[in-house]
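First the structure, in the form of structure tokens, and then the observations on it.
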Amino acid sequence: MTLTVDITKKLGDFSLHMAFRSDARRIGILGPSGCGKSLTLKSIAGIERPDAGQIVVDGRVLFDRTAKVDLKPQQRKVGYMFQNYALFPTMTVAQNIAAGLHTGSEEKAARVDEMIRRFHLTGLASHYPAQLSGGQQQRVALARIMAYQPDLILLDEPFSALDQHLRERLQHELSGMLEGYGGQIVMVSHSRDEIYRFADELLVMDSGQILAQGKTQALFDDPGTAAVARMTGCKNIAGAERLDAHTLRIADWGIDLHLTRTVTEDVTAVGYRAHYFEPVWPGDAAGLGNCLPCKVTGMDELPFERRYYIEAAEPVCWFVQESERKELDERGTPANLRLKEEAILLLHD
Amino acid sequence: MTQILQGLDWSPLLISLKTGVVATVISFFLGLYTARKVIRLSPRPKAVIDGILTLPMVLPPTVAGFILLLIFSRRRAVGMFLDSQLDIQVVHTWLGCILAATVIAFPLMYRNARAAFEQIDANLVYAGRTLGMSEPAIFWKIVVPTAGPGIASGIILTFARAMGEYGATSMLAGNIPGKTGTVSQRIAMVIQDGDYMTAGFWVIVVMIIAFVLIFAVNLIAARSMKNEKRW
């Protein structure tokens with residue numbers, strides 16, 4: 001089971017160049033709006049035609065410019081879940097699910113019944129899409145795709161049309177509903193949380209280019225470059241000057257970092273996630289290692305989190321979870337914030 | 001009143017209804033077809049083609065009638081060819097009625113269909129394609145029903161316009177009683193004779209028919225709109 005995509009497409013000033021190959025069952029594409037994520041999916045599905053390149057799903061060539069292969073979307077067996085679900089408004093739920101079935105009517109009815117049960121749509125068969133909630137619409141869209149039994153499923157920002165409170169629950173629900181599916185699934189999103197939860201393998205892209213590819217956990221642990229670190233949600237990124245194999249000078253934060261691991265010569269920046277700082281008060285155990293003076297310049301109070309902004313040439317974010325807030329309230333603002341060595345991300349260009 | 005009804009020639013009503021139905025059916029298919037083609041054009045050719053297709057609606061019907069007469073007169077190339085090779089006569093025949101009514105009413109169908117198609121979410125069509133539906137199936141099962149209310153109003157207006165056509169029809173088909181004499185032409189004729197009672201009778205008939213039809217199609221449109229949100 002391999003998905004190979006190597007395509008280029010120019011659209012006005014924007015140019016897309018996507019080249020990747022993946023054996024993972026759940027592939028995530030993370031990138032900001034307008035980076036070409038949707039265009040990539042549309043090219044795979046045959047809705048858009050790339051200028052050049054090749055698309056191969058599980059050994060089946062869908063598109064190959066040099067070999068003059070360009071299958072119609074109808075022939076590709078690629079399921080596409082649209083951002084707005086694209087349910088047919090004049091068809092009932094049952095008719096929507098049956099839309100992609102080209103078998104006899106008895107078999108069709110049986111399949112529709114099966115999908116309605118599997119996607120918890122019992123009692124809604126004769127409803128119209130406009131009568132359904134966002135979550136129900138998503139389940140119908142998925143049922144419609146699954147009934148069609150595609151070789152590959154593409155999910156285009158599947159949660160962006162939903163209310164915040166539904167989103168969390170449905171992210172969990174979707175994984176469950178996709179469990180029985182044997183093929184590969186590609187999900188694109190600009191949300192780090194959605195992608196992290198979903199993907200085995202992750203592609204990070206920006207401005208029509210792939211910045212990084214790797215196992216999701218590995219990419220979050222070691223993003224490699226500042227751009228990828230930022231995309232995975234790292235708030236604090238600063239330029240670094242390598243003083244020796246174990247020391248980095250961070251001018252923006254006004255500190256030197258001493259590391260036990262070896263710093264290679266290509267390191268040009270460091271990243272530190274805002275949740276990972278450890279507050280240090282005067283009188284705490286000495287010899288604390290890498291510390292940043294904690295001069296708070298601003299604070300945001302969120303329902304379950306407190307966000308501090310620390311003075312530096314490049315302001316540093318420090319996020320404090322609900323559970324740790326109590327200690328802060330008792331002991332006051334700490335003198336320093338300690339950077340744990342294992343949490344320091346070493347970044348190169 | 002009974003006097004009028006007793007001696008009445010009902011043929012104008014039949015001719016008008018038949019003309020309206022045939023012209024509407026032709027305009028329906030032709031209008032959907034051209035609308036679908038035109039929305040895929042790039043802006044400049046679109047503006048040109050759209051202008052040509054809409055022209056008959058904007059022109060005075062007598063101008064359209066004059067042009068049709070120029071084309072289909074038996075003394076001209078096209079008319080001569082149709083007459084001698086295919087034995088088809090347009091001028092002073094019921095075919096002329098249909099042609100005149102279709103040319104004048106077609107833009108209403110085309111424009112309404114086009115406006116309705118342009119409102120359709122492209123993702124619906126893409127979704128149909130990725131689900132393996134054929135292009136005709138996508139068009140008839142997804143696009144046309146979704147554009148239903150717009151198309152329905154196109155049908156109403158086309159039928160009303162075709163049934164009431166006067167200017168182009170009188171030039172191309174003439175007013176031959178029992179053959180090309182439509183209700184509109186009958187009304188004009190009897191008024192010239194000073195017979196306001198007969199004219200008034202036909203006026204009422206036309207108004208009733210028009211109202212009943214619009215009411216019926218509106219009901220159908222309302223039913224298809226049942227699940228849409230109101231604002």
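We label chains A, B, ... in the order they appear in the structure tokens, count residues from 1 in each chain, and number ligands from 1 in the order shown.
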
Pull the closest atom pair for each residue of chain B that gets at most 10 Å from chain A, along with the distance in Å to one decimal, counting only C-alpha atoms, ordering rows by chain and then ascending residue number, as CSV.
```
residue,atom,partner,partner_atom,distance
B:Asp121,CA,A:Ala86,CA,7.9
B:Ala122,CA,A:Ala86,CA,8.8
B:Asn123,CA,A:Ala86,CA,5.7
B:Leu124,CA,A:Ala86,CA,5.1
B:Val125,CA,A:Ala86,CA,8.7
B:Tyr126,CA,A:Ile47,CA,6.5
B:Ala127,CA,A:Ala86,CA,6.5
B:Gly128,CA,A:Gly100,CA,7.6
B:Arg129,CA,A:Gln74,CA,5.2
B:Thr130,CA,A:Pro73,CA,5.1
B:Leu131,CA,A:Gly100,CA,4.6
B:Gly132,CA,A:Gln74,CA,3.9
B:Met133,CA,A:Gly100,CA,6.4
B:Ser134,CA,A:Gln74,CA,7.3
B:Glu135,CA,A:Gln74,CA,9.3
B:Ala137,CA,A:Ala99,CA,9.8
B:Ile138,CA,A:Ala99,CA,9.7
B:Lys141,CA,A:Thr90,CA,8.8
B:Ile142,CA,A:Phe88,CA,6.6
B:Val143,CA,A:Phe88,CA,9.1
B:Val144,CA,A:Thr90,CA,9.8
B:Pro145,CA,A:Thr90,CA,6.4
B:Thr146,CA,A:Thr90,CA,6.1
B:Ala147,CA,A:Thr90,CA,9.6
B:Gly148,CA,A:Thr90,CA,9.2
B:Ser224,CA,A:Thr90,CA,7.7
B:Met225,CA,A:Thr90,CA,9.0
B:Lys226,CA,A:Tyr128,CA,10.0
B:Asn227,CA,A:Ala130,CA,6.3
B:Glu228,CA,A:Ala130,CA,6.7
B:Lys229,CA,A:Ala130,CA,7.9
```

Would you list, as a ChimeraX atom specification, the residues of region 276-335 of chain A that end up in helix (DSSP H, G or I) under DSSP run on this structure's backbone?
-> /A:322-331

Filtering to all heavy atoms, could you give me those residues as an mmCIF file, in the first residue's frame?
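Contents of the output file part.cif:
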```cif
data_model
loop_
_atom_site.group_PDB
_atom_site.id
_atom_site.type_symbol
_atom_site.label_atom_id
_atom_site.label_comp_id
_atom_site.auth_asym_id
_atom_site.auth_seq_id
_atom_site.Cartn_x
_atom_site.Cartn_y
_atom_site.Cartn_z
ATOM 1 N N GLU A 322 -3.763 24.697 34.193
ATOM 2 C CA GLU A 322 -4.609 24.836 35.364
ATOM 3 C C GLU A 322 -3.985 24.213 36.623
ATOM 4 O O GLU A 322 -3.936 24.834 37.683
ATOM 5 C CB GLU A 322 -5.962 24.161 35.042
ATOM 6 C CG GLU A 322 -6.951 24.122 36.179
ATOM 7 C CD GLU A 322 -7.638 25.453 36.400
ATOM 8 O OE1 GLU A 322 -7.381 26.379 35.602
ATOM 9 O OE2 GLU A 322 -8.406 25.564 37.354
ATOM 10 N N SER A 323 -3.442 22.981 36.433
ATOM 11 C CA SER A 323 -2.959 22.232 37.598
ATOM 12 C C SER A 323 -1.741 22.902 38.246
ATOM 13 O O SER A 323 -1.516 22.760 39.442
ATOM 14 C CB SER A 323 -2.608 20.802 37.167
ATOM 15 O OG SER A 323 -1.716 20.852 36.075
ATOM 16 N N GLU A 324 -0.952 23.626 37.448
ATOM 17 C CA GLU A 324 0.272 24.232 37.998
ATOM 18 C C GLU A 324 0.030 25.654 38.515
ATOM 19 O O GLU A 324 0.914 26.293 39.062
ATOM 20 C CB GLU A 324 1.360 24.302 36.913
ATOM 21 C CG GLU A 324 1.733 22.951 36.339
ATOM 22 C CD GLU A 324 2.291 23.077 34.929
ATOM 23 O OE1 GLU A 324 2.714 24.183 34.545
ATOM 24 O OE2 GLU A 324 2.261 22.069 34.204
ATOM 25 N N ARG A 325 -1.201 26.143 38.306
ATOM 26 C CA ARG A 325 -1.460 27.534 38.598
ATOM 27 C C ARG A 325 -1.432 27.811 40.106
ATOM 28 O O ARG A 325 -1.063 28.889 40.553
ATOM 29 C CB ARG A 325 -2.815 27.928 38.014
ATOM 30 C CG ARG A 325 -2.902 29.356 37.597
ATOM 31 C CD ARG A 325 -3.840 29.540 36.428
ATOM 32 N NE ARG A 325 -5.205 29.234 36.836
ATOM 33 C CZ ARG A 325 -6.245 29.429 36.022
ATOM 34 N NH1 ARG A 325 -6.074 29.893 34.809
ATOM 35 N NH2 ARG A 325 -7.448 29.129 36.420
ATOM 36 N N LYS A 326 -1.816 26.766 40.862
ATOM 37 C CA LYS A 326 -1.938 26.919 42.306
ATOM 38 C C LYS A 326 -0.600 27.310 42.947
ATOM 39 O O LYS A 326 -0.528 28.241 43.751
ATOM 40 C CB LYS A 326 -2.442 25.608 42.919
ATOM 41 C CG LYS A 326 -3.309 25.837 44.135
ATOM 42 C CD LYS A 326 -3.906 24.542 44.632
ATOM 43 C CE LYS A 326 -3.904 24.569 46.141
ATOM 44 N NZ LYS A 326 -3.751 23.232 46.712
ATOM 45 N N GLU A 327 0.431 26.583 42.504
ATOM 46 C CA GLU A 327 1.763 26.847 43.052
ATOM 47 C C GLU A 327 2.195 28.287 42.763
ATOM 48 O O GLU A 327 2.757 28.973 43.615
ATOM 49 C CB GLU A 327 2.777 25.858 42.468
ATOM 50 C CG GLU A 327 4.112 25.913 43.196
ATOM 51 C CD GLU A 327 5.155 24.975 42.603
ATOM 52 O OE1 GLU A 327 4.915 24.431 41.501
ATOM 53 O OE2 GLU A 327 6.213 24.807 43.233
ATOM 54 N N LEU A 328 1.876 28.748 41.546
ATOM 55 C CA LEU A 328 2.219 30.119 41.168
ATOM 56 C C LEU A 328 1.491 31.125 42.040
ATOM 57 O O LEU A 328 2.047 32.130 42.476
ATOM 58 C CB LEU A 328 1.841 30.375 39.711
ATOM 59 C CG LEU A 328 2.805 29.880 38.652
ATOM 60 C CD1 LEU A 328 2.254 30.201 37.288
ATOM 61 C CD2 LEU A 328 4.163 30.526 38.834
ATOM 62 N N ASP A 329 0.200 30.849 42.294
ATOM 63 C CA ASP A 329 -0.595 31.765 43.104
ATOM 64 C C ASP A 329 -0.043 31.855 44.519
ATOM 65 O O ASP A 329 -0.069 32.907 45.156
ATOM 66 C CB ASP A 329 -2.060 31.316 43.133
ATOM 67 C CG ASP A 329 -2.732 31.531 41.781
ATOM 68 O OD1 ASP A 329 -2.197 32.334 40.983
ATOM 69 O OD2 ASP A 329 -3.768 30.893 41.514
ATOM 70 N N GLU A 330 0.488 30.728 45.028
ATOM 71 C CA GLU A 330 1.016 30.706 46.395
ATOM 72 C C GLU A 330 2.382 31.381 46.499
ATOM 73 O O GLU A 330 2.638 32.160 47.413
ATOM 74 C CB GLU A 330 1.146 29.254 46.885
ATOM 75 C CG GLU A 330 -0.171 28.693 47.388
ATOM 76 C CD GLU A 330 -0.100 27.181 47.559
ATOM 77 O OE1 GLU A 330 1.029 26.621 47.526
ATOM 78 O OE2 GLU A 330 -1.180 26.573 47.701
ATOM 79 N N ARG A 331 3.239 31.076 45.505
ATOM 80 C CA ARG A 331 4.635 31.514 45.638
ATOM 81 C C ARG A 331 4.955 32.789 44.854
ATOM 82 O O ARG A 331 6.065 33.313 44.946
ATOM 83 C CB ARG A 331 5.570 30.395 45.215
ATOM 84 C CG ARG A 331 5.352 29.132 46.041
ATOM 85 C CD ARG A 331 6.296 28.031 45.657
ATOM 86 N NE ARG A 331 7.686 28.338 45.987
ATOM 87 C CZ ARG A 331 8.694 27.511 45.741
ATOM 88 N NH1 ARG A 331 8.465 26.344 45.180
ATOM 89 N NH2 ARG A 331 9.924 27.853 46.040
#
```

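For the pair CA of Val57 (chain A) and CA of Ser22 (chain A), the interatomic distance is 10.1 Å.
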
B:Ser11, B:Val25, B:Val103, B:Ala199 ranked by distance to Ile67 (chain B), top pick (using only C-alpha atoms) | B:Val103

All residues 10 Å or closer to Cys291 (chain A), only C-alpha atoms, same chain fewer than 6 positions away omitted, as an MDAnalysis selection string = chainID A and resid 255:257 277:280 335:340

Can those selected residues be exported to a file as a PDB file, in the first residue's frame so that it contains N, CA, C and O atoms?
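New file part-v3.pdb:
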```pdb
ATOM      1  N   ILE A 255      20.689  34.878  26.794  1.00  0.00           N
ATOM      2  CA  ILE A 255      21.291  33.801  27.602  1.00  0.00           C
ATOM      3  C   ILE A 255      22.147  32.878  26.737  1.00  0.00           C
ATOM      4  O   ILE A 255      22.017  32.868  25.512  1.00  0.00           O
ATOM      5  N   ASP A 256      23.021  32.111  27.423  1.00  0.00           N
ATOM      6  CA  ASP A 256      23.743  31.022  26.764  1.00  0.00           C
ATOM      7  C   ASP A 256      23.147  29.706  27.233  1.00  0.00           C
ATOM      8  O   ASP A 256      22.810  29.561  28.406  1.00  0.00           O
ATOM      9  N   LEU A 257      23.009  28.771  26.304  1.00  0.00           N
ATOM     10  CA  LEU A 257      22.499  27.444  26.667  1.00  0.00           C
ATOM     11  C   LEU A 257      23.668  26.466  26.677  1.00  0.00           C
ATOM     12  O   LEU A 257      24.456  26.415  25.735  1.00  0.00           O
ATOM     13  N   PHE A 277       8.403  25.144  30.139  1.00  0.00           N
ATOM     14  CA  PHE A 277       9.260  25.859  31.093  1.00  0.00           C
ATOM     15  C   PHE A 277       8.974  25.394  32.519  1.00  0.00           C
ATOM     16  O   PHE A 277       7.826  25.081  32.854  1.00  0.00           O
ATOM     17  N   GLU A 278      10.027  25.371  33.349  1.00  0.00           N
ATOM     18  CA  GLU A 278       9.845  25.051  34.766  1.00  0.00           C
ATOM     19  C   GLU A 278      10.113  26.301  35.589  1.00  0.00           C
ATOM     20  O   GLU A 278      11.202  26.869  35.494  1.00  0.00           O
ATOM     21  N   PRO A 279       9.146  26.738  36.374  1.00  0.00           N
ATOM     22  CA  PRO A 279       9.383  27.941  37.192  1.00  0.00           C
ATOM     23  C   PRO A 279      10.392  27.639  38.309  1.00  0.00           C
ATOM     24  O   PRO A 279      10.369  26.568  38.888  1.00  0.00           O
ATOM     25  N   VAL A 280      11.270  28.608  38.554  1.00  0.00           N
ATOM     26  CA  VAL A 280      12.283  28.442  39.604  1.00  0.00           C
ATOM     27  C   VAL A 280      12.226  29.669  40.517  1.00  0.00           C
ATOM     28  O   VAL A 280      12.281  30.797  40.027  1.00  0.00           O
ATOM     29  N   ALA A 335      11.534  33.709  39.812  1.00  0.00           N
ATOM     30  CA  ALA A 335      12.660  34.545  39.398  1.00  0.00           C
ATOM     31  C   ALA A 335      13.150  34.136  38.026  1.00  0.00           C
ATOM     32  O   ALA A 335      13.541  34.961  37.213  1.00  0.00           O
ATOM     33  N   ASN A 336      13.113  32.813  37.770  1.00  0.00           N
ATOM     34  CA  ASN A 336      13.642  32.291  36.523  1.00  0.00           C
ATOM     35  C   ASN A 336      12.733  31.228  35.936  1.00  0.00           C
ATOM     36  O   ASN A 336      11.928  30.616  36.638  1.00  0.00           O
ATOM     37  N   LEU A 337      12.916  31.008  34.634  1.00  0.00           N
ATOM     38  CA  LEU A 337      12.274  29.873  33.985  1.00  0.00           C
ATOM     39  C   LEU A 337      13.381  28.959  33.498  1.00  0.00           C
ATOM     40  O   LEU A 337      14.303  29.389  32.816  1.00  0.00           O
ATOM     41  N   ARG A 338      13.267  27.672  33.884  1.00  0.00           N
ATOM     42  CA  ARG A 338      14.320  26.750  33.496  1.00  0.00           C
ATOM     43  C   ARG A 338      13.936  26.044  32.196  1.00  0.00           C
ATOM     44  O   ARG A 338      12.780  25.662  31.995  1.00  0.00           O
ATOM     45  N   LEU A 339      14.921  25.916  31.300  1.00  0.00           N
ATOM     46  CA  LEU A 339      14.705  25.171  30.065  1.00  0.00           C
ATOM     47  C   LEU A 339      15.261  23.769  30.245  1.00  0.00           C
ATOM     48  O   LEU A 339      16.451  23.612  30.538  1.00  0.00           O
ATOM     49  N   LYS A 340      14.393  22.759  30.136  1.00  0.00           N
ATOM     50  CA  LYS A 340      14.842  21.371  30.257  1.00  0.00           C
ATOM     51  C   LYS A 340      15.598  20.990  28.996  1.00  0.00           C
ATOM     52  O   LYS A 340      15.129  21.232  27.893  1.00  0.00           O
TER      53      LYS A 340
END
```

Give me the residues within 12 Å of Ala210 (chain B) as a VMD selection string, counting only C-alpha atoms and dropping any in the same chain fewer than 5 places off.
-> chain B and resid 16 to 17 20 156 to 164 203 to 205 215 to 217

Could you write those residues out with N, CA, C and O atoms, as a CSV table (one decimal), in the first residue's frame?
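Result file follows (part-v2.csv):
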```
chain,number,residue,atom,x,y,z
B,16,SER,N,-52.6,29.0,-29.6
B,16,SER,CA,-51.7,29.7,-28.6
B,16,SER,C,-51.1,28.7,-27.6
B,16,SER,O,-49.9,28.7,-27.3
B,17,LEU,N,-52.0,27.8,-27.1
B,17,LEU,CA,-51.5,26.8,-26.1
B,17,LEU,C,-50.5,25.9,-26.7
B,17,LEU,O,-49.4,25.6,-26.1
B,20,GLY,N,-47.3,27.7,-27.3
B,20,GLY,CA,-46.6,27.9,-26.0
B,20,GLY,C,-45.9,26.7,-25.5
B,20,GLY,O,-44.7,26.7,-25.0
B,156,ILE,N,-42.0,29.1,-16.4
B,156,ILE,CA,-43.2,30.0,-16.3
B,156,ILE,C,-43.0,31.1,-17.2
B,156,ILE,O,-43.9,31.4,-18.1
B,157,LEU,N,-41.9,31.9,-17.1
B,157,LEU,CA,-41.8,33.1,-17.9
B,157,LEU,C,-41.7,32.8,-19.4
B,157,LEU,O,-42.2,33.5,-20.2
B,158,THR,N,-41.0,31.7,-19.7
B,158,THR,CA,-40.9,31.3,-21.1
B,158,THR,C,-42.3,30.9,-21.7
B,158,THR,O,-42.6,31.4,-22.8
B,159,PHE,N,-43.0,30.2,-21.0
B,159,PHE,CA,-44.4,29.8,-21.4
B,159,PHE,C,-45.2,31.0,-21.6
B,159,PHE,O,-45.9,31.2,-22.6
B,160,ALA,N,-45.2,31.9,-20.6
B,160,ALA,CA,-46.1,33.1,-20.7
B,160,ALA,C,-45.7,33.9,-21.9
B,160,ALA,O,-46.6,34.4,-22.6
B,161,ARG,N,-44.4,34.1,-22.1
B,161,ARG,CA,-43.9,34.9,-23.2
B,161,ARG,C,-44.3,34.3,-24.5
B,161,ARG,O,-44.7,35.0,-25.4
B,162,ALA,N,-44.0,33.0,-24.6
B,162,ALA,CA,-44.3,32.3,-25.9
B,162,ALA,C,-45.8,32.3,-26.2
B,162,ALA,O,-46.1,32.5,-27.4
B,163,MET,N,-46.6,32.1,-25.2
B,163,MET,CA,-48.0,32.0,-25.5
B,163,MET,C,-48.6,33.4,-25.9
B,163,MET,O,-49.5,33.4,-26.8
B,164,GLY,N,-48.0,34.4,-25.4
B,164,GLY,CA,-48.5,35.7,-25.7
B,164,GLY,C,-47.8,36.4,-26.9
B,164,GLY,O,-48.2,37.6,-27.2
B,203,VAL,N,-59.1,38.4,-23.4
B,203,VAL,CA,-58.2,38.9,-22.4
B,203,VAL,C,-58.4,38.2,-21.1
B,203,VAL,O,-57.4,37.8,-20.4
B,204,ILE,N,-59.6,38.0,-20.7
B,204,ILE,CA,-59.9,37.3,-19.4
B,204,ILE,C,-59.4,35.8,-19.5
B,204,ILE,O,-58.7,35.3,-18.6
B,205,VAL,N,-59.6,35.2,-20.6
B,205,VAL,CA,-59.2,33.8,-20.8
B,205,VAL,C,-57.6,33.7,-20.6
B,205,VAL,O,-57.1,32.9,-19.8
B,215,PHE,N,-49.4,29.9,-10.7
B,215,PHE,CA,-49.7,29.4,-9.4
B,215,PHE,C,-49.2,27.9,-9.3
B,215,PHE,O,-48.6,27.5,-8.3
B,216,ALA,N,-49.5,27.1,-10.3
B,216,ALA,CA,-49.2,25.7,-10.2
B,216,ALA,C,-47.7,25.5,-10.1
B,216,ALA,O,-47.2,24.7,-9.3
B,217,VAL,N,-46.9,26.2,-11.0
B,217,VAL,CA,-45.5,26.0,-10.9
B,217,VAL,C,-44.9,26.5,-9.7
B,217,VAL,O,-43.9,26.0,-9.1
```

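Computed from the coordinates, the CA of Thr8 (chain A) to CA of Ala52 (chain A) distance equals 5.5 Å.
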
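The two atoms in question, CA of Leu13 (chain B) and CA of Phe66 (chain B), are spaced 25.1 Å apart.
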
Quick check for you: according to DSSP on this backbone, which residues of region 203-294 of chain A are classed as strand (DSSP E)? Reply as a CSV table (one decimal) with N, CA and C atoms, in the first residue's frame.
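That gives us states-v4.csv:
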```
chain,number,residue,atom,x,y,z
A,203,LEU,N,3.2,15.3,6.7
A,203,LEU,CA,3.9,16.2,5.8
A,203,LEU,C,3.6,17.6,6.2
A,204,VAL,N,4.6,18.4,6.3
A,204,VAL,CA,4.4,19.8,6.7
A,204,VAL,C,4.7,20.6,5.4
A,205,MET,N,3.8,21.4,5.0
A,205,MET,CA,4.0,22.2,3.8
A,205,MET,C,3.7,23.7,4.0
A,206,ASP,N,4.3,24.5,3.1
A,206,ASP,CA,4.0,25.9,3.1
A,206,ASP,C,4.3,26.4,1.7
A,209,GLN,N,5.2,24.0,-1.2
A,209,GLN,CA,6.3,23.1,-1.0
A,209,GLN,C,6.2,22.2,0.2
A,210,ILE,N,6.8,21.1,0.1
A,210,ILE,CA,6.9,20.2,1.4
A,210,ILE,C,8.1,20.7,2.1
A,211,LEU,N,7.9,21.0,3.4
A,211,LEU,CA,9.0,21.4,4.3
A,211,LEU,C,9.7,20.2,5.0
A,212,ALA,N,8.8,19.3,5.3
A,212,ALA,CA,9.3,18.1,6.1
A,212,ALA,C,8.4,17.0,6.0
A,213,GLN,N,8.9,15.8,6.0
A,213,GLN,CA,8.1,14.6,6.1
A,213,GLN,C,8.6,13.6,7.1
A,214,GLY,N,7.8,13.0,7.9
A,214,GLY,CA,8.3,12.0,8.8
A,214,GLY,C,7.2,11.5,9.7
A,215,LYS,N,7.5,10.5,10.6
A,215,LYS,CA,6.5,10.0,11.5
A,215,LYS,C,6.0,11.2,12.4
A,236,ASN,N,8.2,29.6,20.9
A,236,ASN,CA,9.4,30.3,21.1
A,236,ASN,C,10.5,29.8,20.2
A,237,ILE,N,10.9,30.6,19.2
A,237,ILE,CA,12.0,30.2,18.3
A,237,ILE,C,12.9,31.4,18.2
A,238,ALA,N,14.2,31.2,18.4
A,238,ALA,CA,15.2,32.3,18.4
A,238,ALA,C,16.4,31.8,17.7
A,239,GLY,N,17.1,32.8,17.1
A,239,GLY,CA,18.4,32.5,16.4
A,239,GLY,C,19.4,32.1,17.4
A,241,GLU,N,23.7,31.2,18.1
A,241,GLU,CA,25.1,31.3,17.7
A,241,GLU,C,25.9,30.2,18.4
A,242,ARG,N,26.5,29.3,17.6
A,242,ARG,CA,27.2,28.2,18.2
A,242,ARG,C,28.6,28.6,18.7
A,243,LEU,N,28.8,28.6,20.0
A,243,LEU,CA,30.0,29.0,20.6
A,243,LEU,C,31.0,27.8,20.6
A,244,ASP,N,30.6,26.6,21.0
A,244,ASP,CA,31.4,25.4,20.9
A,244,ASP,C,30.4,24.2,20.8
A,247,THR,N,27.7,24.6,23.6
A,247,THR,CA,27.2,25.9,24.0
A,247,THR,C,26.6,26.7,22.8
A,248,LEU,N,25.4,27.2,23.1
A,248,LEU,CA,24.8,28.1,22.1
A,248,LEU,C,24.4,29.4,22.7
A,249,ARG,N,24.7,30.5,22.0
A,249,ARG,CA,24.4,31.9,22.5
A,249,ARG,C,23.1,32.3,21.9
A,250,ILE,N,22.0,32.6,22.7
A,250,ILE,CA,20.7,33.0,22.2
A,250,ILE,C,20.6,34.5,22.5
A,255,ILE,N,20.7,34.9,26.8
A,255,ILE,CA,21.3,33.8,27.6
A,255,ILE,C,22.1,32.9,26.7
A,256,ASP,N,23.0,32.1,27.4
A,256,ASP,CA,23.7,31.0,26.8
A,256,ASP,C,23.1,29.7,27.2
A,257,LEU,N,23.0,28.8,26.3
A,257,LEU,CA,22.5,27.4,26.7
A,257,LEU,C,23.7,26.5,26.7
A,258,HIS,N,23.8,25.7,27.8
A,258,HIS,CA,24.8,24.7,27.9
A,258,HIS,C,24.2,23.3,27.8
A,267,VAL,N,23.5,24.0,13.3
A,267,VAL,CA,22.4,24.6,14.1
A,267,VAL,C,22.4,26.1,14.1
A,268,THR,N,21.3,26.7,13.7
A,268,THR,CA,21.2,28.1,13.6
A,268,THR,C,20.1,28.7,14.5
A,269,ALA,N,19.3,27.9,15.1
A,269,ALA,CA,18.2,28.4,15.9
A,269,ALA,C,17.8,27.4,16.9
A,270,VAL,N,17.1,27.8,18.0
A,270,VAL,CA,16.6,26.9,18.9
A,270,VAL,C,15.1,27.1,19.1
A,271,GLY,N,14.3,26.1,19.5
A,271,GLY,CA,12.9,26.3,19.7
A,271,GLY,C,12.6,25.7,21.1
A,272,TYR,N,11.6,26.3,21.8
A,272,TYR,CA,11.2,25.8,23.1
A,272,TYR,C,9.7,26.0,23.2
A,278,GLU,N,10.0,25.4,33.3
A,278,GLU,CA,9.8,25.1,34.8
A,278,GLU,C,10.1,26.3,35.6
A,279,PRO,N,9.1,26.7,36.4
A,279,PRO,CA,9.4,27.9,37.2
A,279,PRO,C,10.4,27.6,38.3
A,280,VAL,N,11.3,28.6,38.6
A,280,VAL,CA,12.3,28.4,39.6
A,280,VAL,C,12.2,29.7,40.5
A,291,CYS,N,18.7,28.8,32.5
A,291,CYS,CA,17.5,29.6,33.0
A,291,CYS,C,17.4,30.9,32.3
A,292,LEU,N,16.1,31.3,32.2
A,292,LEU,CA,15.8,32.6,31.6
A,292,LEU,C,15.2,33.5,32.7
A,293,PRO,N,15.7,34.7,32.8
A,293,PRO,CA,15.1,35.6,33.8
A,293,PRO,C,13.6,35.8,33.5
```

Name the residues in contact with Ile71 (chain B) at a cut-off of 12 Å, using only C-alpha atoms, excluding same-chain residues fewer than 4 positions from it; report them as an MDAnalysis selection string.
-> chainID B and resid 64:67 75:82 89:91 96 99 172

For region 186-194 of chain B, please output as a list of chain:residue names all residues within 10 Å (counting only C-alpha atoms; exclusion window: fewer than 3 positions along the same chain).
-> B:Ser11, B:Pro12, B:Leu13, B:Tyr166, B:Asn175, B:Ile176, B:Pro177, B:Gly181, B:Thr182, B:Val183, B:Met197, B:Thr198, B:Ala199, B:Gly200, B:Phe201, B:Trp202, B:Val203

May I have the residues within 6 Å of Ile185 (chain A) as a list in words, using only C-alpha atoms and disregarding those fewer than 2 positions away in the same chain?
-> Arg26, Leu152, Ile153 and Leu154 of chain A

Can those selected residues be exported to a file as a PDB file, in the first residue's frame so that it contains N, CA, C and O atoms?
```
ATOM      1  N   ARG A  26      -2.410   6.354   7.642  1.00  0.00           N
ATOM      2  CA  ARG A  26      -2.990   7.673   7.903  1.00  0.00           C
ATOM      3  C   ARG A  26      -1.936   8.731   7.616  1.00  0.00           C
ATOM      4  O   ARG A  26      -0.956   8.831   8.367  1.00  0.00           O
ATOM      5  N   LEU A 152      -8.712   4.935  -1.926  1.00  0.00           N
ATOM      6  CA  LEU A 152      -8.009   5.955  -1.148  1.00  0.00           C
ATOM      7  C   LEU A 152      -9.064   6.970  -0.703  1.00  0.00           C
ATOM      8  O   LEU A 152      -9.983   7.268  -1.445  1.00  0.00           O
ATOM      9  N   ILE A 153      -8.925   7.486   0.519  1.00  0.00           N
ATOM     10  CA  ILE A 153      -9.876   8.501   0.988  1.00  0.00           C
ATOM     11  C   ILE A 153      -9.122   9.792   1.288  1.00  0.00           C
ATOM     12  O   ILE A 153      -8.052   9.773   1.905  1.00  0.00           O
ATOM     13  N   LEU A 154      -9.674  10.902   0.832  1.00  0.00           N
ATOM     14  CA  LEU A 154      -9.074  12.204   1.079  1.00  0.00           C
ATOM     15  C   LEU A 154     -10.018  13.019   1.959  1.00  0.00           C
ATOM     16  O   LEU A 154     -11.203  13.131   1.669  1.00  0.00           O
TER      17      LEU A 154
END
```
